[in-house]
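So this block is model_4.cif, mmCIF, C-alpha atoms:
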```
data_run
loop_
_atom_site.group_PDB
_atom_site.id
_atom_site.type_symbol
_atom_site.label_atom_id
_atom_site.label_comp_id
_atom_site.auth_asym_id
_atom_site.auth_seq_id
_atom_site.Cartn_x
_atom_site.Cartn_y
_atom_site.Cartn_z
ATOM 1 C CA MET A 1 -119.483 -24.001 -62.026
ATOM 2 C CA ASN A 2 -117.084 -22.624 -59.390
ATOM 3 C CA ALA A 3 -114.885 -24.583 -56.995
ATOM 4 C CA VAL A 4 -117.292 -24.217 -54.057
ATOM 5 C CA ASP A 5 -120.178 -25.630 -56.117
ATOM 6 C CA ASP A 6 -117.937 -28.485 -57.277
ATOM 7 C CA ILE A 7 -117.073 -29.449 -53.706
ATOM 8 C CA THR A 8 -120.663 -29.136 -52.479
ATOM 9 C CA GLU A 9 -122.011 -31.325 -55.294
ATOM 10 C CA THR A 10 -119.261 -33.897 -54.730
ATOM 11 C CA LEU A 11 -120.038 -34.068 -50.996
ATOM 12 C CA GLU A 12 -123.747 -34.526 -51.716
ATOM 13 C CA LEU A 13 -123.148 -37.138 -54.419
ATOM 14 C CA ALA A 14 -120.890 -39.198 -52.152
ATOM 15 C CA ALA A 15 -123.335 -38.926 -49.239
ATOM 16 C CA ARG A 16 -126.171 -40.274 -51.404
ATOM 17 C CA HIS A 17 -124.037 -43.366 -51.907
ATOM 18 C CA GLY A 18 -123.171 -43.836 -48.241
ATOM 19 C CA LEU A 19 -119.715 -42.223 -48.355
ATOM 20 C CA THR A 20 -119.101 -39.358 -45.922
ATOM 21 C CA LEU A 21 -116.217 -37.174 -47.004
ATOM 22 C CA ALA A 22 -113.985 -34.686 -45.221
ATOM 23 C CA PRO A 23 -114.918 -31.387 -46.978
ATOM 24 C CA ASN A 24 -111.372 -30.018 -47.107
ATOM 25 C CA SER A 25 -109.937 -33.197 -48.642
ATOM 26 C CA ILE A 26 -111.516 -33.023 -52.102
ATOM 27 C CA ASP A 27 -109.127 -32.615 -55.042
ATOM 28 C CA ILE A 28 -110.976 -32.548 -58.379
ATOM 29 C CA ASN A 29 -109.237 -33.422 -61.665
ATOM 30 C CA ASP A 30 -111.010 -32.396 -64.888
ATOM 31 C CA MET A 31 -108.426 -33.948 -67.259
ATOM 32 C CA GLY A 32 -110.581 -36.863 -68.455
ATOM 33 C CA LEU A 33 -112.938 -36.567 -71.417
ATOM 34 C CA ASP A 34 -115.461 -39.096 -70.067
ATOM 35 C CA TYR A 35 -115.184 -38.816 -66.294
ATOM 36 C CA ARG A 36 -114.415 -36.139 -63.748
ATOM 37 C CA VAL A 37 -112.143 -37.606 -61.087
ATOM 38 C CA ALA A 38 -111.827 -36.576 -57.447
ATOM 39 C CA ILE A 39 -109.317 -37.798 -54.864
ATOM 40 C CA VAL A 40 -110.962 -37.584 -51.456
ATOM 41 C CA GLU A 41 -110.697 -38.670 -47.839
ATOM 42 C CA THR A 42 -113.517 -40.033 -45.715
ATOM 43 C CA LEU A 43 -114.120 -38.848 -42.171
ATOM 44 C CA TYR A 44 -112.276 -42.010 -41.086
ATOM 45 C CA GLY A 45 -109.103 -40.967 -42.934
ATOM 46 C CA GLU A 46 -109.441 -43.420 -45.838
ATOM 47 C CA SER A 47 -108.388 -42.176 -49.290
ATOM 48 C CA TRP A 48 -110.819 -42.899 -52.148
ATOM 49 C CA VAL A 49 -111.159 -42.151 -55.848
ATOM 50 C CA LEU A 50 -114.479 -40.885 -57.210
ATOM 51 C CA ARG A 51 -115.244 -41.137 -60.925
ATOM 52 C CA ILE A 52 -118.186 -38.988 -61.953
ATOM 53 C CA PRO A 53 -119.519 -39.654 -65.494
ATOM 54 C CA ARG A 54 -119.939 -36.650 -67.742
ATOM 55 C CA ARG A 55 -122.706 -38.287 -69.821
ATOM 56 C CA PRO A 56 -125.488 -40.766 -68.913
ATOM 57 C CA GLU A 57 -124.648 -43.106 -71.802
ATOM 58 C CA LEU A 58 -121.376 -44.074 -70.123
ATOM 59 C CA ALA A 59 -123.294 -46.339 -67.725
ATOM 60 C CA ASN A 60 -123.452 -49.304 -70.130
ATOM 61 C CA GLY A 61 -119.723 -49.172 -70.774
ATOM 62 C CA ALA A 62 -119.082 -49.077 -67.032
ATOM 63 C CA LYS A 63 -120.851 -52.430 -66.621
ATOM 64 C CA VAL A 64 -118.418 -53.992 -69.086
ATOM 65 C CA GLU A 65 -115.461 -52.248 -67.455
ATOM 66 C CA SER A 66 -116.426 -53.752 -64.114
ATOM 67 C CA LYS A 67 -116.189 -57.251 -65.610
ATOM 68 C CA VAL A 68 -112.846 -56.409 -67.218
ATOM 69 C CA LEU A 69 -111.485 -55.321 -63.837
ATOM 70 C CA ASP A 70 -112.564 -58.608 -62.276
ATOM 71 C CA LEU A 71 -110.691 -60.484 -65.013
ATOM 72 C CA VAL A 72 -107.449 -58.495 -65.134
ATOM 73 C CA SER A 73 -107.150 -58.256 -61.346
ATOM 74 C CA LYS A 74 -106.501 -62.013 -61.350
ATOM 75 C CA ALA A 75 -104.092 -61.972 -64.327
ATOM 76 C CA LEU A 76 -101.822 -58.993 -63.650
ATOM 77 C CA SER A 77 -98.953 -58.486 -61.227
ATOM 78 C CA PHE A 78 -100.081 -54.865 -60.899
ATOM 79 C CA ARG A 79 -103.020 -53.444 -58.965
ATOM 80 C CA VAL A 80 -106.222 -52.281 -60.651
ATOM 81 C CA PRO A 81 -109.264 -50.512 -59.187
ATOM 82 C CA GLN A 82 -111.666 -52.519 -57.038
ATOM 83 C CA TRP A 83 -114.980 -50.746 -57.275
ATOM 84 C CA ARG A 84 -116.916 -50.514 -54.012
ATOM 85 C CA ILE A 85 -119.584 -48.161 -55.369
ATOM 86 C CA HIS A 86 -120.969 -48.501 -58.874
ATOM 87 C CA SER A 87 -124.048 -46.596 -60.012
ATOM 88 C CA PRO A 88 -124.985 -44.499 -63.074
ATOM 89 C CA GLU A 89 -124.031 -41.404 -61.051
ATOM 90 C CA LEU A 90 -120.825 -42.503 -59.369
ATOM 91 C CA ILE A 91 -118.013 -45.041 -59.397
ATOM 92 C CA ALA A 92 -115.816 -45.085 -56.285
ATOM 93 C CA TYR A 93 -112.991 -47.220 -54.933
ATOM 94 C CA PRO A 94 -110.156 -47.041 -52.383
ATOM 95 C CA LEU A 95 -107.067 -45.211 -53.617
ATOM 96 C CA LEU A 96 -104.496 -47.497 -55.196
ATOM 97 C CA PRO A 97 -100.773 -47.486 -54.373
ATOM 98 C CA GLY A 98 -98.535 -45.136 -56.334
ATOM 99 C CA SER A 99 -98.999 -41.690 -57.825
ATOM 100 C CA PRO A 100 -99.832 -40.707 -61.426
ATOM 101 C CA GLY A 101 -96.886 -40.742 -63.804
ATOM 102 C CA LEU A 102 -98.381 -37.732 -65.612
ATOM 103 C CA THR A 103 -100.614 -34.911 -64.421
ATOM 104 C CA MET A 104 -101.935 -31.661 -65.865
ATOM 105 C CA GLU A 105 -100.770 -28.593 -63.971
ATOM 106 C CA GLU A 106 -102.011 -25.171 -65.036
ATOM 107 C CA GLY A 107 -103.099 -26.718 -68.316
ATOM 108 C CA ARG A 108 -99.694 -28.252 -69.066
ATOM 109 C CA PRO A 109 -98.647 -31.923 -68.882
ATOM 110 C CA VAL A 110 -96.091 -32.664 -66.167
ATOM 111 C CA PHE A 111 -94.331 -36.045 -66.078
ATOM 112 C CA HIS A 112 -93.564 -37.611 -62.697
ATOM 113 C CA VAL A 113 -91.856 -40.672 -64.178
ATOM 114 C CA GLU A 114 -88.739 -40.817 -66.345
ATOM 115 C CA MET A 115 -89.957 -42.069 -69.703
ATOM 116 C CA GLY A 116 -86.409 -43.211 -70.486
ATOM 117 C CA SER A 117 -86.156 -45.277 -67.303
ATOM 118 C CA GLU A 118 -85.189 -48.933 -67.799
ATOM 119 C CA ASP A 119 -87.299 -49.877 -64.763
ATOM 120 C CA TYR A 120 -90.396 -48.226 -66.190
ATOM 121 C CA ALA A 121 -89.799 -49.759 -69.622
ATOM 122 C CA ARG A 122 -89.363 -53.267 -68.203
ATOM 123 C CA ASP A 123 -92.440 -52.913 -65.997
ATOM 124 C CA MET A 124 -94.427 -51.777 -69.040
ATOM 125 C CA GLY A 125 -93.205 -54.794 -71.014
ATOM 126 C CA LYS A 126 -94.184 -57.102 -68.164
ATOM 127 C CA LEU A 127 -97.593 -55.451 -67.769
ATOM 128 C CA LEU A 128 -98.444 -55.661 -71.464
ATOM 129 C CA SER A 129 -97.219 -59.237 -71.823
ATOM 130 C CA GLU A 130 -99.453 -60.316 -68.930
ATOM 131 C CA LEU A 131 -102.458 -58.451 -70.320
ATOM 132 C CA HIS A 132 -101.994 -59.678 -73.886
ATOM 133 C CA SER A 133 -101.585 -63.275 -72.688
ATOM 134 C CA ILE A 134 -105.150 -63.446 -71.345
ATOM 135 C CA PRO A 135 -107.022 -65.860 -73.640
ATOM 136 C CA ILE A 136 -109.279 -63.866 -75.935
ATOM 137 C CA GLU A 137 -112.110 -66.379 -75.553
ATOM 138 C CA VAL A 138 -112.084 -65.647 -71.822
ATOM 139 C CA ALA A 139 -111.813 -61.891 -72.362
ATOM 140 C CA ALA A 140 -114.774 -61.989 -74.757
ATOM 141 C CA GLY A 141 -116.969 -63.062 -71.840
ATOM 142 C CA THR A 142 -116.685 -59.561 -70.354
ATOM 143 C CA GLY A 143 -118.621 -58.086 -73.267
ATOM 144 C CA VAL A 144 -115.808 -55.893 -74.601
ATOM 145 C CA PRO A 145 -115.790 -55.155 -78.330
ATOM 146 C CA SER A 146 -113.932 -57.894 -80.189
ATOM 147 C CA ARG A 147 -112.409 -57.796 -83.679
ATOM 148 C CA THR A 148 -110.228 -60.084 -85.744
ATOM 149 C CA PRO A 149 -107.198 -58.493 -87.443
ATOM 150 C CA GLN A 150 -109.114 -58.113 -90.708
ATOM 151 C CA GLU A 151 -112.130 -56.672 -88.908
ATOM 152 C CA THR A 152 -109.841 -54.155 -87.210
ATOM 153 C CA ARG A 153 -108.656 -52.866 -90.568
ATOM 154 C CA MET A 154 -112.195 -52.704 -91.933
ATOM 155 C CA HIS A 155 -113.237 -50.854 -88.788
ATOM 156 C CA TRP A 156 -110.548 -48.245 -89.427
ATOM 157 C CA LYS A 157 -111.880 -47.757 -92.950
ATOM 158 C CA SER A 158 -115.393 -47.309 -91.592
ATOM 159 C CA ARG A 159 -114.242 -44.803 -88.984
ATOM 160 C CA ILE A 160 -112.337 -42.753 -91.540
ATOM 161 C CA SER A 161 -115.336 -42.772 -93.893
ATOM 162 C CA ARG A 162 -117.668 -41.553 -91.157
ATOM 163 C CA VAL A 163 -115.358 -38.728 -90.094
ATOM 164 C CA SER A 164 -114.667 -37.697 -93.699
ATOM 165 C CA HIS A 165 -118.395 -37.113 -94.198
ATOM 166 C CA GLU A 166 -118.475 -34.657 -91.285
ATOM 167 C CA PHE A 167 -115.070 -32.971 -91.438
ATOM 168 C CA GLU A 168 -112.597 -31.709 -94.017
ATOM 169 C CA ILE A 169 -109.534 -33.981 -93.976
ATOM 170 C CA SER A 170 -106.138 -33.165 -95.457
ATOM 171 C CA PRO A 171 -105.576 -35.217 -98.644
ATOM 172 C CA SER A 172 -102.089 -36.124 -97.396
ATOM 173 C CA LEU A 173 -103.608 -37.615 -94.231
ATOM 174 C CA LEU A 174 -106.162 -39.586 -96.216
ATOM 175 C CA ASP A 175 -103.415 -40.950 -98.475
ATOM 176 C CA ARG A 176 -101.244 -41.873 -95.488
ATOM 177 C CA TRP A 177 -104.097 -43.684 -93.727
ATOM 178 C CA ASP A 178 -105.127 -45.500 -96.898
ATOM 179 C CA ASN A 179 -101.573 -46.724 -97.511
ATOM 180 C CA TRP A 180 -101.260 -47.864 -93.892
ATOM 181 C CA ILE A 181 -104.526 -49.803 -93.816
ATOM 182 C CA ASN A 182 -103.892 -51.549 -97.117
ATOM 183 C CA ASP A 183 -100.260 -52.540 -96.489
ATOM 184 C CA ASP A 184 -100.213 -56.019 -94.918
ATOM 185 C CA SER A 185 -96.663 -55.579 -93.642
ATOM 186 C CA PHE A 186 -97.733 -53.137 -90.919
ATOM 187 C CA TRP A 187 -100.345 -55.356 -89.324
ATOM 188 C CA PRO A 188 -100.208 -58.277 -86.836
ATOM 189 C CA ASP A 189 -102.140 -61.426 -87.725
ATOM 190 C CA PHE A 190 -103.592 -61.904 -84.218
ATOM 191 C CA SER A 191 -105.775 -60.055 -81.694
ATOM 192 C CA VAL A 192 -105.333 -59.641 -77.928
ATOM 193 C CA LEU A 193 -107.171 -58.100 -74.980
ATOM 194 C CA THR A 194 -106.024 -54.475 -74.839
ATOM 195 C CA HIS A 195 -106.398 -51.632 -72.332
ATOM 196 C CA GLY A 196 -106.416 -49.009 -75.086
ATOM 197 C CA GLU A 197 -104.968 -46.010 -73.233
ATOM 198 C CA ILE A 198 -101.942 -47.199 -71.300
ATOM 199 C CA TYR A 199 -99.756 -44.150 -70.863
ATOM 200 C CA ALA A 200 -98.109 -42.355 -67.956
ATOM 201 C CA ALA A 201 -101.306 -40.724 -66.631
ATOM 202 C CA HIS A 202 -102.965 -44.141 -66.262
ATOM 203 C CA THR A 203 -100.021 -45.806 -64.517
ATOM 204 C CA LEU A 204 -99.498 -45.143 -60.814
ATOM 205 C CA VAL A 205 -95.821 -45.239 -60.015
ATOM 206 C CA ASP A 206 -93.432 -45.353 -57.089
ATOM 207 C CA GLY A 207 -90.355 -43.671 -58.488
ATOM 208 C CA ASN A 208 -90.029 -45.328 -61.889
ATOM 209 C CA ARG A 209 -91.769 -48.580 -60.949
ATOM 210 C CA ILE A 210 -95.377 -49.240 -61.966
ATOM 211 C CA ARG A 211 -97.649 -50.155 -59.051
ATOM 212 C CA SER A 212 -101.176 -49.797 -60.441
ATOM 213 C CA VAL A 213 -103.068 -49.280 -63.713
ATOM 214 C CA LEU A 214 -106.159 -47.074 -64.008
ATOM 215 C CA ASP A 215 -109.062 -46.424 -66.371
ATOM 216 C CA TRP A 216 -110.046 -49.587 -68.229
ATOM 217 C CA THR A 217 -112.951 -47.885 -70.018
ATOM 218 C CA THR A 218 -111.452 -48.415 -73.476
ATOM 219 C CA ALA A 219 -110.601 -52.124 -73.141
ATOM 220 C CA GLU A 220 -111.313 -54.267 -76.194
ATOM 221 C CA ILE A 221 -110.041 -57.307 -78.081
ATOM 222 C CA GLY A 222 -108.104 -56.218 -81.119
ATOM 223 C CA ASP A 223 -104.800 -54.794 -82.332
ATOM 224 C CA PRO A 224 -102.010 -55.010 -79.692
ATOM 225 C CA VAL A 225 -100.607 -51.715 -80.991
ATOM 226 C CA ARG A 226 -103.384 -49.961 -79.054
ATOM 227 C CA ASP A 227 -101.223 -50.629 -75.975
ATOM 228 C CA LEU A 228 -97.795 -50.261 -77.564
ATOM 229 C CA SER A 229 -98.145 -47.030 -79.516
ATOM 230 C CA LEU A 230 -98.395 -44.499 -76.694
ATOM 231 C CA PHE A 231 -95.142 -45.727 -75.165
ATOM 232 C CA HIS A 232 -93.540 -45.632 -78.616
ATOM 233 C CA MET A 233 -94.627 -41.996 -78.945
ATOM 234 C CA SER A 234 -93.634 -40.765 -75.473
ATOM 235 C CA ALA A 235 -90.477 -42.741 -74.618
ATOM 236 C CA PRO A 236 -86.981 -42.611 -76.166
ATOM 237 C CA ARG A 237 -86.362 -45.323 -78.759
ATOM 238 C CA GLU A 238 -83.901 -47.064 -76.399
ATOM 239 C CA ALA A 239 -86.613 -47.377 -73.751
ATOM 240 C CA PHE A 240 -89.124 -48.633 -76.325
ATOM 241 C CA ASP A 241 -86.647 -51.323 -77.384
ATOM 242 C CA ILE A 242 -86.154 -52.355 -73.739
ATOM 243 C CA MET A 243 -89.923 -52.542 -73.305
ATOM 244 C CA THR A 244 -90.486 -54.693 -76.392
ATOM 245 C CA THR A 245 -87.577 -56.984 -75.463
ATOM 246 C CA GLU A 246 -89.126 -57.555 -72.024
ATOM 247 C CA TYR A 247 -92.537 -57.954 -73.634
ATOM 248 C CA GLN A 248 -91.283 -60.724 -75.933
ATOM 249 C CA LYS A 249 -89.196 -62.394 -73.231
ATOM 250 C CA ARG A 250 -92.372 -62.804 -71.170
ATOM 251 C CA GLY A 251 -94.444 -64.165 -74.035
ATOM 252 C CA GLY A 252 -95.670 -61.089 -75.887
ATOM 253 C CA ARG A 253 -95.808 -61.564 -79.657
ATOM 254 C CA ALA A 254 -94.069 -59.110 -81.973
ATOM 255 C CA TRP A 255 -93.859 -58.742 -85.757
ATOM 256 C CA PRO A 256 -91.278 -57.074 -88.055
ATOM 257 C CA ARG A 257 -92.962 -53.675 -88.483
ATOM 258 C CA LEU A 258 -94.273 -53.245 -84.940
ATOM 259 C CA ALA A 259 -92.560 -49.866 -84.422
ATOM 260 C CA ASP A 260 -93.686 -48.576 -87.842
ATOM 261 C CA HIS A 261 -97.223 -49.662 -87.068
ATOM 262 C CA CYS A 262 -97.103 -47.734 -83.777
ATOM 263 C CA GLN A 263 -96.079 -44.597 -85.645
ATOM 264 C CA GLU A 264 -98.884 -44.894 -88.196
ATOM 265 C CA TYR A 265 -101.421 -45.707 -85.494
ATOM 266 C CA MET A 266 -100.586 -42.465 -83.674
ATOM 267 C CA ALA A 267 -100.769 -40.553 -86.954
ATOM 268 C CA ALA A 268 -104.420 -41.668 -87.120
ATOM 269 C CA SER A 269 -105.277 -40.513 -83.589
ATOM 270 C CA ALA A 270 -107.115 -37.463 -84.939
ATOM 271 C CA ILE A 271 -109.882 -39.844 -86.047
ATOM 272 C CA GLY A 272 -110.679 -40.803 -82.457
ATOM 273 C CA TYR A 273 -110.874 -37.191 -81.332
ATOM 274 C CA ALA A 274 -113.156 -36.327 -84.260
ATOM 275 C CA GLU A 275 -115.458 -39.198 -83.271
ATOM 276 C CA PHE A 276 -115.549 -37.898 -79.713
ATOM 277 C CA ALA A 277 -116.487 -34.442 -81.003
ATOM 278 C CA LEU A 278 -119.323 -35.952 -83.042
ATOM 279 C CA GLU A 279 -120.612 -37.954 -80.078
ATOM 280 C CA THR A 280 -120.605 -35.026 -77.655
ATOM 281 C CA GLY A 281 -121.644 -32.297 -80.097
ATOM 282 C CA ASP A 282 -119.383 -29.902 -78.191
ATOM 283 C CA PRO A 283 -118.461 -26.944 -80.463
ATOM 284 C CA GLU A 284 -115.024 -26.504 -78.847
ATOM 285 C CA HIS A 285 -114.120 -30.143 -79.471
ATOM 286 C CA THR A 286 -115.477 -29.869 -83.021
ATOM 287 C CA VAL A 287 -113.240 -26.898 -83.809
ATOM 288 C CA ALA A 288 -110.188 -28.568 -82.270
ATOM 289 C CA ALA A 289 -110.873 -31.847 -84.090
ATOM 290 C CA GLN A 290 -111.189 -30.051 -87.428
ATOM 291 C CA ALA A 291 -107.849 -28.343 -86.870
ATOM 292 C CA GLY A 292 -106.176 -31.725 -86.304
ATOM 293 C CA LEU A 293 -107.690 -33.190 -89.446
ATOM 294 C CA ARG A 294 -106.390 -30.364 -91.622
ATOM 295 C CA ALA A 295 -102.841 -30.860 -90.374
ATOM 296 C CA ASP A 296 -100.290 -32.149 -92.834
ATOM 297 C CA GLY A 297 -99.817 -35.912 -92.472
#
```

Just give me the structure of the file as structure tokens.
Amino acid sequence: MNAVDDITETLELAARHGLTLAPNSIDINDMGLDYRVAIVETLYGESWVLRIPRRPELANGAKVESKVLDLVSKALSFRVPQWRIHSPELIAYPLLPGSPGLTMEEGRPVFHVEMGSEDYARDMGKLLSELHSIPIEVAAGTGVPSRTPQETRMHWKSRISRVSHEFEISPSLLDRWDNWINDDSFWPDFSVLTHGEIYAAHTLVDGNRIRSVLDWTTAEIGDPVRDLSLFHMSAPREAFDIMTTEYQKRGGRAWPRLADHCQEYMAASAIGYAEFALETGDPEHTVAAQAGLRADG
């Protein structure tokens, strides 16, 4: 599909939902695996975000995400989307303050926030402490997946087993994952409500300060490292230490091998991509997923 077709379809989709767009304002971002995203302006000069699902089965997850947004909007000091349009074809809401901390430009990631910034690290610690402090019995009412610490580890074993039946996995990776899952010292003994993909692209920033948090599709109750690991991977160790200090100061719970657990969690990220390839059946994703699973652990 060419750019003209993209714009025409976006205009028609928005119009079917009562949103009249300025044709020259549409900026489409194809970075997301589940949703195409467009930043647009209405004829009245209002800026909106359109999320267009790539697959019909995403509709059920969007219903849960809507409830999560209602919950976290009351608990966080940071802005989250407020959906004004929600249908199987389109999710739309007014543009939030800030600009993405990470974008893809000509196929390459470009950071617009300093990952070593103390301000960004402290804001991340504050954000995660507020999110992880939401009572899990309240969070469970949204319908998000919920697992105890032991169930989380069993779920990892199940995921690895499923992927190993469909792909060839490096023996060194399998050994590394097995050691990680079976070593109690890595794992926290509690679960929290997590976002699941908090990284620079999903934080809207003003300079190095976080203003808003996007894309709550992957929220679930489980291992807090889901929200800690991406910062551990992308930020300098000094910034990670500042973040975790702020996190604990504001009530976030830590454990001795938190940083090690983050590292092992990211080493298992190829499992998630392989699952996505299986769900979509896309040959390009399948080839790329297989390449990641053959890599030396």

Self-check item: Selection under test: the PyMOL selection byres ((chain A and resi 263-280) around 9); residues as a PyMOL selection string
Solution: chain A and resi 33+55+159-160+162-163+166-167+173+176-177+180+186+225-226+229-230+232-233+258-262+281-290+292-293+297

Exercise: Met104 (chain A) partners within 9 Å, only C-alpha atoms, chain neighbours under 4 positions left out, as a ChimeraX atom specification
/A:29,31,108-111

Selection above as a file: C-alpha atoms, as a short mmCIF file (atom, residue, chain, number, x, y, z; two decimals), keeping the file's coordinate frame:
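What follows is the written file out32.cif:
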```cif
data_model
loop_
_atom_site.label_atom_id
_atom_site.label_comp_id
_atom_site.auth_asym_id
_atom_site.auth_seq_id
_atom_site.Cartn_x
_atom_site.Cartn_y
_atom_site.Cartn_z
CA ASN A 29 -109.24 -33.42 -61.66
CA MET A 31 -108.43 -33.95 -67.26
CA ARG A 108 -99.69 -28.25 -69.07
CA PRO A 109 -98.65 -31.92 -68.88
CA VAL A 110 -96.09 -32.66 -66.17
CA PHE A 111 -94.33 -36.04 -66.08
#
```

Atom pair CA of Ala14 (chain A) + CA of Leu43 (chain A), distance 12.1 Å

task = Expand the PyMOL selection byres ((chain A and resi 208-217) around 7) into the individual residues it matches in the shown file, reporting them as a ChimeraX atom specification.
result = /A:61-62,65,78-81,96-98,113-114,117,119-120,123,195,202-207,218-219

Practice task
Run the PyMOL selection byres ((chain A and resi 40) around 12) on the file and write out the hits as a count of residues only.
Solution key: 33

Assuming 3 Å of padding per side, give the centre and edge lengths of the axis-aligned box around every listed atom of region 96-114 of chain A, in Å to one decimal and as lines of an AutoDock Vina configuration file.
```
center_x = -96.6
center_y = -36.3
center_z = -61.7
size_x = 21.8
size_y = 28.3
size_z = 20.7
```

Original post:
Separation of CA of Ile198 (chain A) and CA of Leu127 (chain A), in Å?
Top reply: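 That distance, rounded to one decimal, is 10.0 Å.
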
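Interatomic distance, CA of Val144 (chain A) against CA of Pro53 (chain A): 19.0 Å.
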
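Residues lying within 10 Å of Lys157 (chain A), counting only C-alpha atoms and ignoring same-chain neighbours fewer than 6 positions away, are Glu151, Trp177, Asp178, Ile181 and Asn182 of chain A.
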
For Leu193 (chain A), the nearest of the candidates A:Glu57, A:Asp175, A:Glu12, A:Asp223, counting only C-alpha atoms |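 So, comparing all the options, the nearest one is A:Asp223.
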
The residue from A:Leu131, A:Ala291, A:Met243, A:Ala200 with the smallest atom-to-atom distance to Ser99 (chain A), counting only C-alpha atoms, is A:Ala200

* Which residues, written as JSON, numbers by chain, have at least one atom at most 8 Å from Ala201 (chain A), with only C-alpha atoms counted and residues fewer than 6 positions away on the same chain left out? -> {"A": [100, 101, 102, 103]}

Q: Show which residues sit within 8 Å of Gly116 (chain A), as an MDAnalysis selection string. Count all atoms listed in the file, and ignore same-chain residues fewer than 5 positions away.
A: chainID A and resid 121 235:236 238:239

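Minimum distance to Asp183 (chain A) across A:His155, A:Arg147, A:Arg250, A:Arg257 (counting all atoms listed in the file) occurs at A:Arg257.
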
- prompt: Closest to Met124 (chain A) among A:Ser185, A:Ser77, A:Gln82, A:Thr152, using only C-alpha atoms?
  reply: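 Under the stated criterion, the closest residue is A:Ser77.
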
Can I get region 211-216 of chain A with all heavy atoms filled in, as a compact mmCIF listing (two decimals), in the coordinates of the input?
```txt
# COMPACT_ATOMS: atom_id res chain seq x y z
N ARG A 211 -96.95 -49.46 -60.13
CA ARG A 211 -97.65 -50.16 -59.05
C ARG A 211 -99.09 -50.51 -59.42
O ARG A 211 -99.59 -51.56 -59.04
CB ARG A 211 -97.65 -49.29 -57.78
CG ARG A 211 -96.26 -48.97 -57.23
CD ARG A 211 -95.48 -50.23 -56.96
NE ARG A 211 -94.15 -49.96 -56.42
CZ ARG A 211 -93.14 -50.80 -56.47
NH1 ARG A 211 -93.29 -51.97 -57.09
NH2 ARG A 211 -91.98 -50.50 -55.96
N SER A 212 -99.75 -49.61 -60.15
CA SER A 212 -101.18 -49.80 -60.44
C SER A 212 -101.50 -49.25 -61.82
O SER A 212 -100.75 -48.44 -62.37
CB SER A 212 -102.04 -49.07 -59.40
OG SER A 212 -101.64 -49.37 -58.08
N VAL A 213 -102.63 -49.72 -62.37
CA VAL A 213 -103.07 -49.28 -63.71
C VAL A 213 -104.53 -48.87 -63.63
O VAL A 213 -105.38 -49.64 -63.16
CB VAL A 213 -102.90 -50.40 -64.75
CG1 VAL A 213 -103.21 -49.87 -66.15
CG2 VAL A 213 -101.49 -50.97 -64.72
N LEU A 214 -104.82 -47.66 -64.11
CA LEU A 214 -106.16 -47.07 -64.01
C LEU A 214 -106.91 -47.11 -65.34
O LEU A 214 -106.33 -47.37 -66.38
CB LEU A 214 -106.03 -45.61 -63.57
CG LEU A 214 -105.30 -45.30 -62.28
CD1 LEU A 214 -105.24 -43.79 -62.09
CD2 LEU A 214 -105.97 -45.97 -61.10
N ASP A 215 -108.21 -46.80 -65.24
CA ASP A 215 -109.06 -46.42 -66.37
C ASP A 215 -109.10 -47.46 -67.48
O ASP A 215 -108.46 -47.32 -68.53
CB ASP A 215 -108.65 -45.07 -66.94
CG ASP A 215 -109.77 -44.45 -67.77
OD1 ASP A 215 -110.74 -45.17 -68.09
OD2 ASP A 215 -109.69 -43.26 -68.09
N TRP A 216 -109.91 -48.50 -67.27
CA TRP A 216 -110.05 -49.59 -68.23
C TRP A 216 -111.29 -49.41 -69.12
O TRP A 216 -111.78 -50.36 -69.72
CB TRP A 216 -110.10 -50.91 -67.48
CG TRP A 216 -108.78 -51.22 -66.81
CD1 TRP A 216 -108.30 -50.69 -65.65
CD2 TRP A 216 -107.77 -52.10 -67.30
NE1 TRP A 216 -107.04 -51.19 -65.38
CE2 TRP A 216 -106.69 -52.06 -66.38
CE3 TRP A 216 -107.66 -52.93 -68.42
CZ2 TRP A 216 -105.53 -52.81 -66.55
CZ3 TRP A 216 -106.51 -53.67 -68.59
CH2 TRP A 216 -105.45 -53.60 -67.66
```
